Amino acid sequence: MNLKMQPDYPVIAFDVGGTDIKSTFVDAEGNIRQIRRTPTPRSNNAVNDILDTLSGIHADYVAELEIPAISVGLAVPGLVDEKSGIAHYSANIGWQDTPLRAWAQDRLGMPVALCHDVRSAAVAESRFGAGIDSEHMLAVVIGTGIASTLVIQGSAYLGSGTAGEIGHGVFDPAGPPCGCGSRGCLENIVSARAMLTAYEMATGELLDGAKDLISRAASGDKDAKSIWAESVRSLAVALTRICTVIAPDTVVIGGGISRAGDALFLPLREHFESFMGRFPKPLIVPATLGDDAGLIGSLYTAQQLAKQLHS
């Protein structure tokens with residue numbers, strides 16, 4: 001990784017995903033060490049197993065650091081309240097009103113900055129990536145699910161604690177039930193999972209991933225083309241609803257779907273500019289930090305915590 005953090009206190013960071021746990025640390029000179037990827041434990045006792053895994057990696061990093069680390073950044077998915085340190089829910093990981101920050105601090109033996117993975121990625125894009133010149137940036141990450149974050153002058157807006165769940169905003173009240181307990185959520189229309197499900201229902205064929213669907217749409221597959229077009233249009237509608245309320249100057253799109261390039265951004269911008277009418281139209285740009293954005297944001301958050309502890 002070519003990115004270098006500001007020289008500061010050494011910190012350790014984790015980004016827990018459904019497939020793997022990314023981790024690294026920053027030394028006192030601001031150098032980001034090699035990123036390590038460890039399979040995420042999947043078991044009936046996943047939360048405890050994940051904490052055990054973090055503890056083992058943490059011990060390795062502590063042994064490598066010449067100057068002791070000050071704090072840990074921990075980015076996790078799901079419904080996360082960073083203020084209270086509670087991970088309320090994650091279908092893929094197993095959080096259920098888990099006091100994750102307190103448990104992680106107890107297990108690791110040092111202060112932990114708990115952050116939502118998408119908010120963490122958004123802060124990274126704002127500080128080091130596509131939104132570096134933006135004062136009011138909306139980040140939207142579209143992959144298996146969809147989430148968003150408003151970043152105001154480099155800081156993520158938390159609201160009462162769980163702001164940013166665009167994927168669980170009701171888009172169609174008559175739509176299908178969602179795992180969050182509601183129905184017709186945007187995530188059931190725009191996410192990779194939703195598009196693949198729609199294609200399977202239309203054709204009986206299960207595709208390998210969203211990349212396959214996008215490729216088929218470009219090749220003229222009428223079902224793939226229709227599903228992709230409706231998803232992009234729905235995303236434009238959702239962005240219009242948000243942007244007319246919060247008026248960001250930049251919208252950064254990340255996640256696996258953003259890799260579609262012009263197949264996404266050209267029609268998305270066209271729909272969006274039409275729907276926004278006379279309202280100021282923010283730039284819509286792709287994220288630049290890729291899959292490491294959440295981990296970079298976790299590092300930054302850990303450094304901010306270290307500064308607070310030594311101020």
# chains A, B, ... in the order shown; residues from 1 in each chain; ligands from 1

$ closest_atom_pairs --of "region 162-239 of chain A" --to "region 132-155 of chain A" --cutoff "7 Å" --atoms "only C-alpha atoms" --output "JSON lines"
{"residue": "A:Gly164", "atom": "CA", "partner": "A:Ser148", "partner_atom": "CA", "distance": 4.7}
{"residue": "A:Glu165", "atom": "CA", "partner": "A:Ala147", "partner_atom": "CA", "distance": 5.2}
{"residue": "A:Ile166", "atom": "CA", "partner": "A:Ala147", "partner_atom": "CA", "distance": 5.3}
{"residue": "A:Gly167", "atom": "CA", "partner": "A:Ile146", "partner_atom": "CA", "distance": 4.8}
{"residue": "A:Glu187", "atom": "CA", "partner": "A:Ile146", "partner_atom": "CA", "distance": 5.7}
{"residue": "A:Ser191", "atom": "CA", "partner": "A:Gly145", "partner_atom": "CA", "distance": 5.1}
{"residue": "A:Ala192", "atom": "CA", "partner": "A:Thr144", "partner_atom": "CA", "distance": 5.1}
{"residue": "A:Arg193", "atom": "CA", "partner": "A:Thr144", "partner_atom": "CA", "distance": 5.2}

$ select_by_dssp --residues "region 158-264 of chain A" --states "strand (DSSP E or B)" --output "list of chain:residue names"
A:Val170, A:Pro177, A:Arg183, A:Cys185, A:Thr250, A:Val251, A:Val252, A:Ile253, A:Gly254

$ closest_residue --among "A:Leu51, A:Val232, A:Val237, A:Ala75" --to "Asp172 (chain A)" --atoms "only C-alpha atoms"
A:Val237

$ residues_around --residues "Asp81 (chain A)" --least-positions-apart "6" --cutoff "7 Å" --atoms "only C-alpha atoms" --output "VMD selection string"
chain A and resid 87 161 to 162

$ residues_around --residues "region 19-33 of chain A" --least-positions-apart "6" --cutoff "10 Å" --atoms "only C-alpha atoms" --output "ChimeraX atom specification"
/A:1-13,39-42,50,53-54,57-58,61-62,64-69,72-76,92-93,291-292,294-296,298-300,302-303

$ closest_residue --among "A:Ile214, A:Leu235, A:Ala247, A:Phe279" --to "Asp262 (chain A)" --atoms "only C-alpha atoms"
A:Ile214

$ closest_residue --among "A:Val47, A:Val285, A:Ile70, A:Met201" --to "Pro99 (chain A)" --atoms "only C-alpha atoms"
A:Val47

$ closest_residue --among "A:Ser231, A:Leu309, A:Asn44, A:Thr301" --to "Phe14 (chain A)" --atoms "only C-alpha atoms"
A:Thr301

$ atom_distance --atom1 "CA of Gly175 (chain A)" --atom2 "CA of Ser258 (chain A)"
24.6 Å

$ atom_distance --atom1 "CA of Thr244 (chain A)" --atom2 "CA of His88 (chain A)"
29.5 Å

$ closest_residue --among "A:Ser160, A:Ala263, A:Leu114, A:Lys307" --to "Ala218 (chain A)" --atoms "only C-alpha atoms"
A:Ala263

$ closest_residue --among "A:His116, A:Arg216, A:Arg127, A:Arg107" --to "Gly85 (chain A)" --atoms "only C-alpha atoms"
A:His116

$ atom_distance --atom1 "CA of Asp117 (chain A)" --atom2 "CA of Pro77 (chain A)"
5.3 Å

$ select_by_dssp --residues "region 10-234 of chain A" --states "alpha helix (DSSP H)" --output "JSON, numbers by chain"
{"A": [46, 47, 48, 49, 50, 51, 52, 53, 54, 55, 56, 57, 58, 59, 60, 61, 62, 63, 64, 100, 101, 102, 103, 104, 105, 106, 107, 108, 117, 118, 119, 120, 121, 122, 123, 124, 125, 126, 127, 128, 187, 188, 189, 190, 192, 193, 194, 195, 196, 197, 198, 199, 200, 201, 202, 203, 210, 211, 212, 213, 214, 215, 216, 217, 218, 222, 223, 224, 225, 226, 227, 228, 229, 230, 231, 232, 233, 234]}
